[in-house]
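Source file: work26.txt. Holds: compact mmCIF, C-alpha atoms.
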# COMPACT_ATOMS: atom_id res chain seq x y z
CA MET A 103 -14.83 23.51 23.39
CA ASN A 104 -11.45 24.26 24.95
CA LEU A 105 -8.98 23.67 22.12
CA ASN A 106 -6.10 24.28 24.53
CA ASP A 107 -7.02 21.04 26.28
CA PRO A 108 -5.35 18.14 24.36
CA ALA A 109 -8.07 15.72 25.56
CA GLU A 110 -10.87 17.85 24.12
CA LEU A 111 -8.84 18.46 20.99
CA ALA A 112 -8.43 14.68 20.61
CA VAL A 113 -12.22 14.25 20.63
CA LEU A 114 -12.59 16.85 17.86
CA LEU A 115 -9.91 15.13 15.78
CA GLU A 116 -11.71 11.84 16.27
CA ALA A 117 -14.92 13.38 14.90
CA TRP A 118 -13.13 14.72 11.83
CA LEU A 119 -11.37 11.43 11.10
CA LEU A 120 -14.61 9.45 11.49
CA ALA A 121 -16.47 11.81 9.18
CA ALA A 122 -13.71 12.03 6.56
CA GLY A 123 -13.56 8.31 5.79
CA ARG A 124 -10.05 8.79 4.41
CA PRO A 125 -6.59 9.69 5.75
CA LEU A 126 -6.08 13.32 6.78
CA SER A 127 -2.60 14.79 7.01
CA LEU A 128 -1.45 16.90 9.94
CA GLU A 129 -1.45 19.93 7.64
CA HIS A 130 -5.00 19.25 6.47
CA LEU A 131 -6.21 18.86 10.05
CA GLY A 132 -4.65 22.21 10.90
CA GLU A 133 -6.40 23.89 7.97
CA LEU A 134 -9.79 22.82 9.34
CA PHE A 135 -9.42 25.31 12.20
CA GLU A 136 -10.08 29.01 11.98
CA GLU A 137 -6.75 30.80 11.79
CA ALA A 138 -7.16 32.44 15.19
CA GLU A 139 -7.85 29.11 16.93
CA ARG A 140 -5.45 26.88 15.00
CA PRO A 141 -3.30 24.76 17.35
CA GLU A 142 0.40 24.35 16.82
CA PRO A 143 1.46 21.12 15.05
CA ALA A 144 3.03 19.88 18.28
CA ARG A 145 -0.32 20.24 20.09
CA LEU A 146 -2.07 18.37 17.28
CA ARG A 147 0.43 15.54 17.61
CA ASP A 148 -0.15 15.42 21.36
CA ALA A 149 -3.90 15.18 20.75
CA LEU A 150 -3.40 12.43 18.17
CA ALA A 151 -1.29 10.52 20.69
CA ILE A 152 -4.13 10.78 23.21
CA LEU A 153 -6.60 9.60 20.56
CA ALA A 154 -4.37 6.63 19.72
CA GLY A 155 -4.18 5.71 23.38
CA SER A 156 -7.96 5.86 23.75
CA CYS A 157 -8.26 3.23 21.00
CA ARG A 158 -6.41 0.59 23.03
CA GLY A 159 -8.62 -2.38 23.67
CA ARG A 160 -11.11 -1.20 21.06
CA ALA A 161 -12.01 -2.77 17.70
CA PHE A 162 -10.54 0.20 15.84
CA GLU A 163 -7.20 1.98 15.86
CA LEU A 164 -5.61 5.24 14.80
CA LYS A 165 -3.25 4.46 11.94
CA GLU A 166 -0.75 6.76 10.26
CA VAL A 167 -0.25 5.95 6.59
CA ALA A 168 1.41 7.80 3.72
CA SER A 169 -1.45 10.28 3.25
CA GLY A 170 -2.00 11.00 6.92
CA TYR A 171 -4.02 9.64 9.86
CA ARG A 172 -7.19 7.54 9.76
CA LEU A 173 -9.39 5.54 12.09
CA GLN A 174 -9.87 1.97 10.90
CA VAL A 175 -11.07 -1.42 12.08
CA ARG A 176 -8.23 -3.59 13.33
CA GLU A 177 -7.12 -6.15 10.80
CA ARG A 178 -7.79 -9.15 13.01
CA PHE A 179 -11.51 -8.41 12.84
CA ALA A 180 -11.59 -8.40 9.02
CA PRO A 181 -12.92 -11.98 8.60
CA TRP A 182 -15.95 -11.13 10.73
CA VAL A 183 -16.53 -7.58 9.58
CA GLY A 184 -16.35 -8.73 5.96
CA ARG A 185 -19.61 -10.58 6.48
CA LEU A 186 -21.41 -7.25 6.35
CA TRP A 187 -20.95 -7.24 2.57
CA GLU A 188 -22.63 -9.79 0.34
CA GLU A 189 -20.29 -9.42 -2.62
CA ARG A 190 -17.33 -11.76 -2.82
CA PRO A 191 -13.97 -10.28 -1.84
CA GLN A 192 -11.77 -9.22 -4.70
CA ARG A 193 -9.21 -11.82 -5.69
CA TYR A 194 -5.78 -11.28 -7.16
CA SER A 195 -3.91 -13.64 -9.44
CA ARG A 196 -0.46 -14.91 -8.55
CA ALA A 197 0.83 -13.09 -11.65
CA LEU A 198 -0.52 -9.75 -10.44
CA LEU A 199 0.93 -10.26 -6.95
CA GLU A 200 4.34 -11.15 -8.33
CA THR A 201 4.31 -8.10 -10.61
CA LEU A 202 3.25 -5.78 -7.79
CA ALA A 203 5.88 -7.21 -5.45
CA LEU A 204 8.64 -6.70 -8.02
CA ILE A 205 7.59 -3.10 -8.60
CA ALA A 206 7.39 -2.43 -4.87
CA TYR A 207 10.84 -3.84 -4.11
CA ARG A 208 12.75 -2.96 -7.29
CA GLN A 209 11.28 0.39 -8.29
CA PRO A 210 11.83 2.05 -10.65
CA ILE A 211 11.54 -1.03 -12.87
CA SER A 212 10.56 -1.60 -16.47
CA ARG A 213 8.13 -4.16 -17.80
CA GLY A 214 11.00 -5.97 -19.54
CA GLU A 215 12.89 -6.31 -16.25
CA ILE A 216 9.80 -7.73 -14.57
CA GLU A 217 9.48 -10.26 -17.41
CA GLU A 218 13.17 -11.16 -17.08
CA VAL A 219 12.65 -12.17 -13.46
CA ARG A 220 9.27 -13.85 -13.86
CA GLY A 221 10.24 -15.68 -17.04
CA VAL A 222 6.94 -14.91 -18.78
CA ALA A 223 5.50 -11.88 -20.54
CA VAL A 224 3.54 -9.55 -18.29
CA SER A 225 -0.08 -9.27 -19.36
CA SER A 226 -1.13 -5.75 -20.31
CA SER A 227 -4.27 -6.28 -18.25
CA ILE A 228 -2.15 -6.66 -15.10
CA ILE A 229 -0.38 -3.34 -15.67
CA LYS A 230 -3.72 -1.72 -16.51
CA THR A 231 -5.34 -3.09 -13.33
CA LEU A 232 -2.51 -1.83 -11.12
CA GLN A 233 -2.66 1.60 -12.75
CA GLU A 234 -6.45 1.80 -12.49
CA ARG A 235 -6.24 1.01 -8.79
CA GLU A 236 -3.62 3.80 -8.61
CA TRP A 237 -1.11 1.45 -7.00
CA ILE A 238 1.58 2.08 -9.63
CA ARG A 239 2.47 4.90 -12.01
CA VAL A 240 5.04 5.73 -14.66
CA VAL A 241 7.89 7.75 -13.14
CA GLY A 242 10.20 7.97 -16.14
CA TYR A 243 11.68 6.16 -19.11
CA ARG A 244 14.83 4.08 -19.41
CA GLU A 245 17.33 5.71 -21.79
CA VAL A 246 17.76 2.63 -23.96
CA PRO A 247 16.32 1.73 -27.37
CA GLY A 248 12.54 1.83 -27.15
CA ARG A 249 12.65 3.99 -23.98
CA PRO A 250 10.61 1.57 -21.84
CA ALA A 251 8.47 3.07 -19.10
CA LEU A 252 9.67 2.78 -15.51
CA PHE A 253 7.05 1.88 -12.91
CA ALA A 254 6.94 2.74 -9.21
CA THR A 255 4.36 2.50 -6.45
CA THR A 256 2.18 5.42 -5.34
CA ARG A 257 0.95 6.97 -2.12
CA ALA A 258 -2.37 5.19 -2.73
CA PHE A 259 -0.49 1.86 -2.69
CA LEU A 260 0.99 2.71 0.71
CA ASP A 261 -2.38 3.81 2.07
CA HIS A 262 -4.12 0.64 0.89
CA PHE A 263 -1.54 -1.64 2.48
CA ASN A 264 -1.34 0.29 5.78
CA LEU A 265 2.17 1.57 5.16
CA LYS A 266 3.59 4.97 6.04
CA SER A 267 6.58 4.62 3.71
CA LEU A 268 8.35 2.03 1.59
CA ASP A 269 10.74 1.45 4.49
CA GLU A 270 7.89 -0.38 6.25
CA LEU A 271 7.68 -3.08 3.57
CA PRO A 272 8.45 -6.55 4.96
CA PRO A 273 12.04 -7.69 4.36
CA MET A 274 12.59 -9.05 0.88
CA ALA A 275 13.50 -12.38 2.47
CA VAL A 276 9.77 -12.86 3.02
CA LEU A 277 9.41 -13.35 -0.72
CA ARG A 278 10.47 -16.58 -2.33
CA SER A 279 12.35 -16.31 -5.60
CA LEU A 280 10.42 -16.37 -8.83
CA GLU A 281 11.16 -19.35 -11.04
CA PRO A 282 11.31 -18.71 -14.81
CA GLY A 283 8.43 -20.42 -16.59
CA PRO A 284 8.92 -23.15 -19.20
CA ASP A 285 7.94 -20.80 -22.04
CA ALA A 286 9.48 -17.37 -21.82
CA THR A 287 7.19 -16.07 -24.55
CA ALA A 288 3.95 -17.05 -22.82
CA VAL A 289 1.65 -14.35 -21.56
CA ASP A 290 0.65 -14.82 -17.94
CA ASP A 291 -3.05 -14.02 -18.09
CA GLU A 292 -4.46 -16.74 -15.86
CA PRO A 293 -7.66 -16.21 -13.85
CA SER A 294 -7.38 -15.33 -10.20
CA PRO A 295 -6.92 -18.41 -8.01
CA ALA A 296 -10.01 -19.16 -5.97
CA GLY A 297 -8.09 -19.41 -2.70
CA LEU A 298 -6.57 -15.94 -2.69
CA PRO A 299 -9.02 -13.42 -1.24
CA VAL A 300 -7.90 -10.01 -0.14
CA ARG A 301 -8.15 -9.74 3.61
CA GLY A 302 -8.56 -6.18 4.78
CA ASP A 303 -10.65 -3.93 6.91
CA PRO A 304 -14.00 -2.55 5.71
CA ALA A 305 -12.37 0.51 4.17
CA GLY A 306 -10.43 -1.77 1.83
CA GLN A 307 -7.04 -1.66 3.51
CA THR A 308 -5.00 -4.84 3.43
CA SER A 309 -1.79 -6.04 5.01
CA PHE A 310 0.90 -6.28 2.35
CA ARG A 311 2.58 -8.91 4.51
CA SER A 312 -0.54 -11.09 4.32
CA LEU A 313 -0.52 -10.92 0.53
CA LEU A 314 3.16 -11.80 0.44
CA ALA A 315 2.47 -14.71 2.77
CA GLU A 316 -0.20 -15.96 0.37
CA LEU A 317 2.25 -15.66 -2.52
CA ASP A 318 4.97 -17.37 -0.49
CA ALA A 319 2.64 -20.29 0.29
CA MET A 320 1.80 -20.69 -3.41
CA GLU A 321 5.43 -20.62 -4.54
CA GLN A 322 7.11 -23.40 -2.54
CA GLY A 323 10.22 -24.75 -4.23
CA LEU A 324 11.11 -21.79 -6.44
CA LYS A 325 14.82 -21.26 -6.98
CA SER A 326 15.82 -18.04 -8.77
CA ASP A 327 16.84 -14.89 -6.92
CA PHE A 328 15.66 -11.29 -7.10
CA ASP A 329 19.33 -10.34 -7.35
CA ASP A 330 19.25 -11.65 -10.91
CA LEU A 331 17.42 -8.46 -11.83
CA PRO A 332 19.85 -5.76 -12.98
CA GLU A 333 19.98 -2.80 -10.66
CA ALA A 334 18.25 0.34 -11.97
CA ASP A 335 20.72 2.71 -13.62
CA ALA A 336 21.95 5.70 -11.67
CA ALA A 337 19.86 8.10 -13.69
CA GLY A 338 16.70 6.24 -12.86
CA ASP A 339 17.54 5.89 -9.18
CA ALA A 340 18.45 9.54 -8.80
CA GLY A 341 14.96 10.63 -9.68
CA LEU A 342 13.15 8.37 -7.23
CA GLU A 343 13.51 8.69 -3.47
CA ARG A 344 12.49 5.74 -1.33
CA THR A 345 9.51 7.63 -0.03
CA ALA A 346 5.95 7.75 -1.32
CA ASP A 347 5.06 10.17 -4.13
CA ASP A 348 1.61 11.46 -4.90
CA SER A 349 -0.22 9.34 -7.44

structure tokens encoding of this file:
Amino acid sequence: MNLNDPAELAVLLEAWLLAAGRPLSLEHLGELFEEAERPEPARLRDALAILAGSCRGRAFELKEVASGYRLQVRERFAPWVGRLWEERPQRYSRALLETLALIAYRQPISRGEIEEVRGVAVSSSIIKTLQEREWIRVVGYREVPGRPALFATTRAFLDHFNLKSLDELPPMAVLRSLEPGPDATAVDDEPSPAGLPVRGDPAGQTSFRSLLAELDAMEQGLKSDFDDLPEADAAGDAGLERTADDS
């Protein structure tokens, strides 16, 4: 194989990405070569561009996410490809989606701040679920009485929702405001609504915009504003860049 030929190099990269079944970073791809034959990063990028072009008109695409590059089925085929699996698609409750959206857009954020916006207590099972899926993690503690934990999203969150960085999140205007519930002490632990399946490709990736659209459709007529949430203090913001961290 002539590794100096970007077209042949693109075929090799395709084989690695198909076999890996997960995103591979440019650095990781480079490490798969023997040192004497290792292409320059610029040549790898050229080969990846050729590979991306060869996917045009195909059912799969080359996608760059936070952890690197992967080959995946295009999202529009998900309803059909999902028929390959007999199990029902995982469903998320409105409460979990609202909590995840608040963390994604207002990170770092404490559980109390999430409850202030939502108007109900956040179920511990929701936080546990998000942490077990490695979508959120604790990035620090607010320097106030009780030192509440501050939550932020992870690289795994970005990978799952086909995002390269937090800058690719849909505009916050996509979200409707969250209306405080009638009982601020209630714990929101409702079962997942039957009409809210996750729609993703076979590897489990999902469009974050599609989930927000589902949430938006469920929350017609809500009135409060995300701006009601106090901004994170300077100390908290200083330690969190608006780029993905490793989970």

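Picture a line from atom CA of Leu134 of chain A to atom CA of Trp237 of chain A; it runs 28.3 Å.
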
Seminar exercise, completed: Between atom CA of Leu198 of chain A and atom CA of Ile228 of chain A lies a distance of 5.8 Å

Per residue of segment 195-277 of chain A within 12 Å of segment 147-168 of chain A, which atom pair is closest and at what distance in Å (one decimal), using all atoms listed in the file, listed by chain and increasing number, as JSON lines?
{"residue": "A:Thr255", "atom": "CA", "partner": "A:Ala168", "partner_atom": "CA", "distance": 11.8}
{"residue": "A:Thr256", "atom": "CA", "partner": "A:Ala168", "partner_atom": "CA", "distance": 9.4}
{"residue": "A:Arg257", "atom": "CA", "partner": "A:Ala168", "partner_atom": "CA", "distance": 5.9}
{"residue": "A:Ala258", "atom": "CA", "partner": "A:Ala168", "partner_atom": "CA", "distance": 7.9}
{"residue": "A:Phe259", "atom": "CA", "partner": "A:Ala168", "partner_atom": "CA", "distance": 8.9}
{"residue": "A:Leu260", "atom": "CA", "partner": "A:Ala168", "partner_atom": "CA", "distance": 5.9}
{"residue": "A:Asp261", "atom": "CA", "partner": "A:Val167", "partner_atom": "CA", "distance": 5.4}
{"residue": "A:His262", "atom": "CA", "partner": "A:Val167", "partner_atom": "CA", "distance": 8.7}
{"residue": "A:Phe263", "atom": "CA", "partner": "A:Val167", "partner_atom": "CA", "distance": 8.7}
{"residue": "A:Asn264", "atom": "CA", "partner": "A:Val167", "partner_atom": "CA", "distance": 5.8}
{"residue": "A:Leu265", "atom": "CA", "partner": "A:Val167", "partner_atom": "CA", "distance": 5.2}
{"residue": "A:Lys266", "atom": "CA", "partner": "A:Val167", "partner_atom": "CA", "distance": 4.0}
{"residue": "A:Ser267", "atom": "CA", "partner": "A:Ala168", "partner_atom": "CA", "distance": 6.1}
{"residue": "A:Leu268", "atom": "CA", "partner": "A:Ala168", "partner_atom": "CA", "distance": 9.3}
{"residue": "A:Asp269", "atom": "CA", "partner": "A:Ala168", "partner_atom": "CA", "distance": 11.3}
{"residue": "A:Glu270", "atom": "CA", "partner": "A:Val167", "partner_atom": "CA", "distance": 10.3}

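Using only C-alpha atoms for every distance, the candidate list A:Val222, A:Ser227, A:Arg213, A:Pro272 yields A:Arg213 as the residue closest to Gly248 of chain A.
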
Problem set entry | Nearest to Ser226 of chain A by atom-to-atom distance, counting only C-alpha atoms, from A:Ala197, A:Leu119, A:Leu105, A:Ile205 |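 Of all the options, A:Ala197 lies closest to Ser226 of chain A.
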
Problem set entry | Point-to-point distance from atom CA of Leu120 of chain A to atom CA of Arg176 of chain A, Å rounded to tenths | 14.6 Å

For this session: Counting all atoms listed in the file, figure out which residue out of A:Asn104, A:Phe253, A:Gly170, A:Val113 gets nearest to Pro141 of chain A.
Result: A:Asn104

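If all atoms listed in the file are the atoms counted, then among A:Ile211, A:Ala203, A:Val224, A:Val219 the closest residue to Leu271 of chain A is A:Ala203.
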
For this session: Point out the residue among A:Leu202, A:Leu111, A:Val183, A:Ala251 with the least atom-to-atom distance to Arg235 of chain A, counting only C-alpha atoms.
Result: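 Ranked by minimum distance to Arg235 of chain A, first place goes to A:Leu202.
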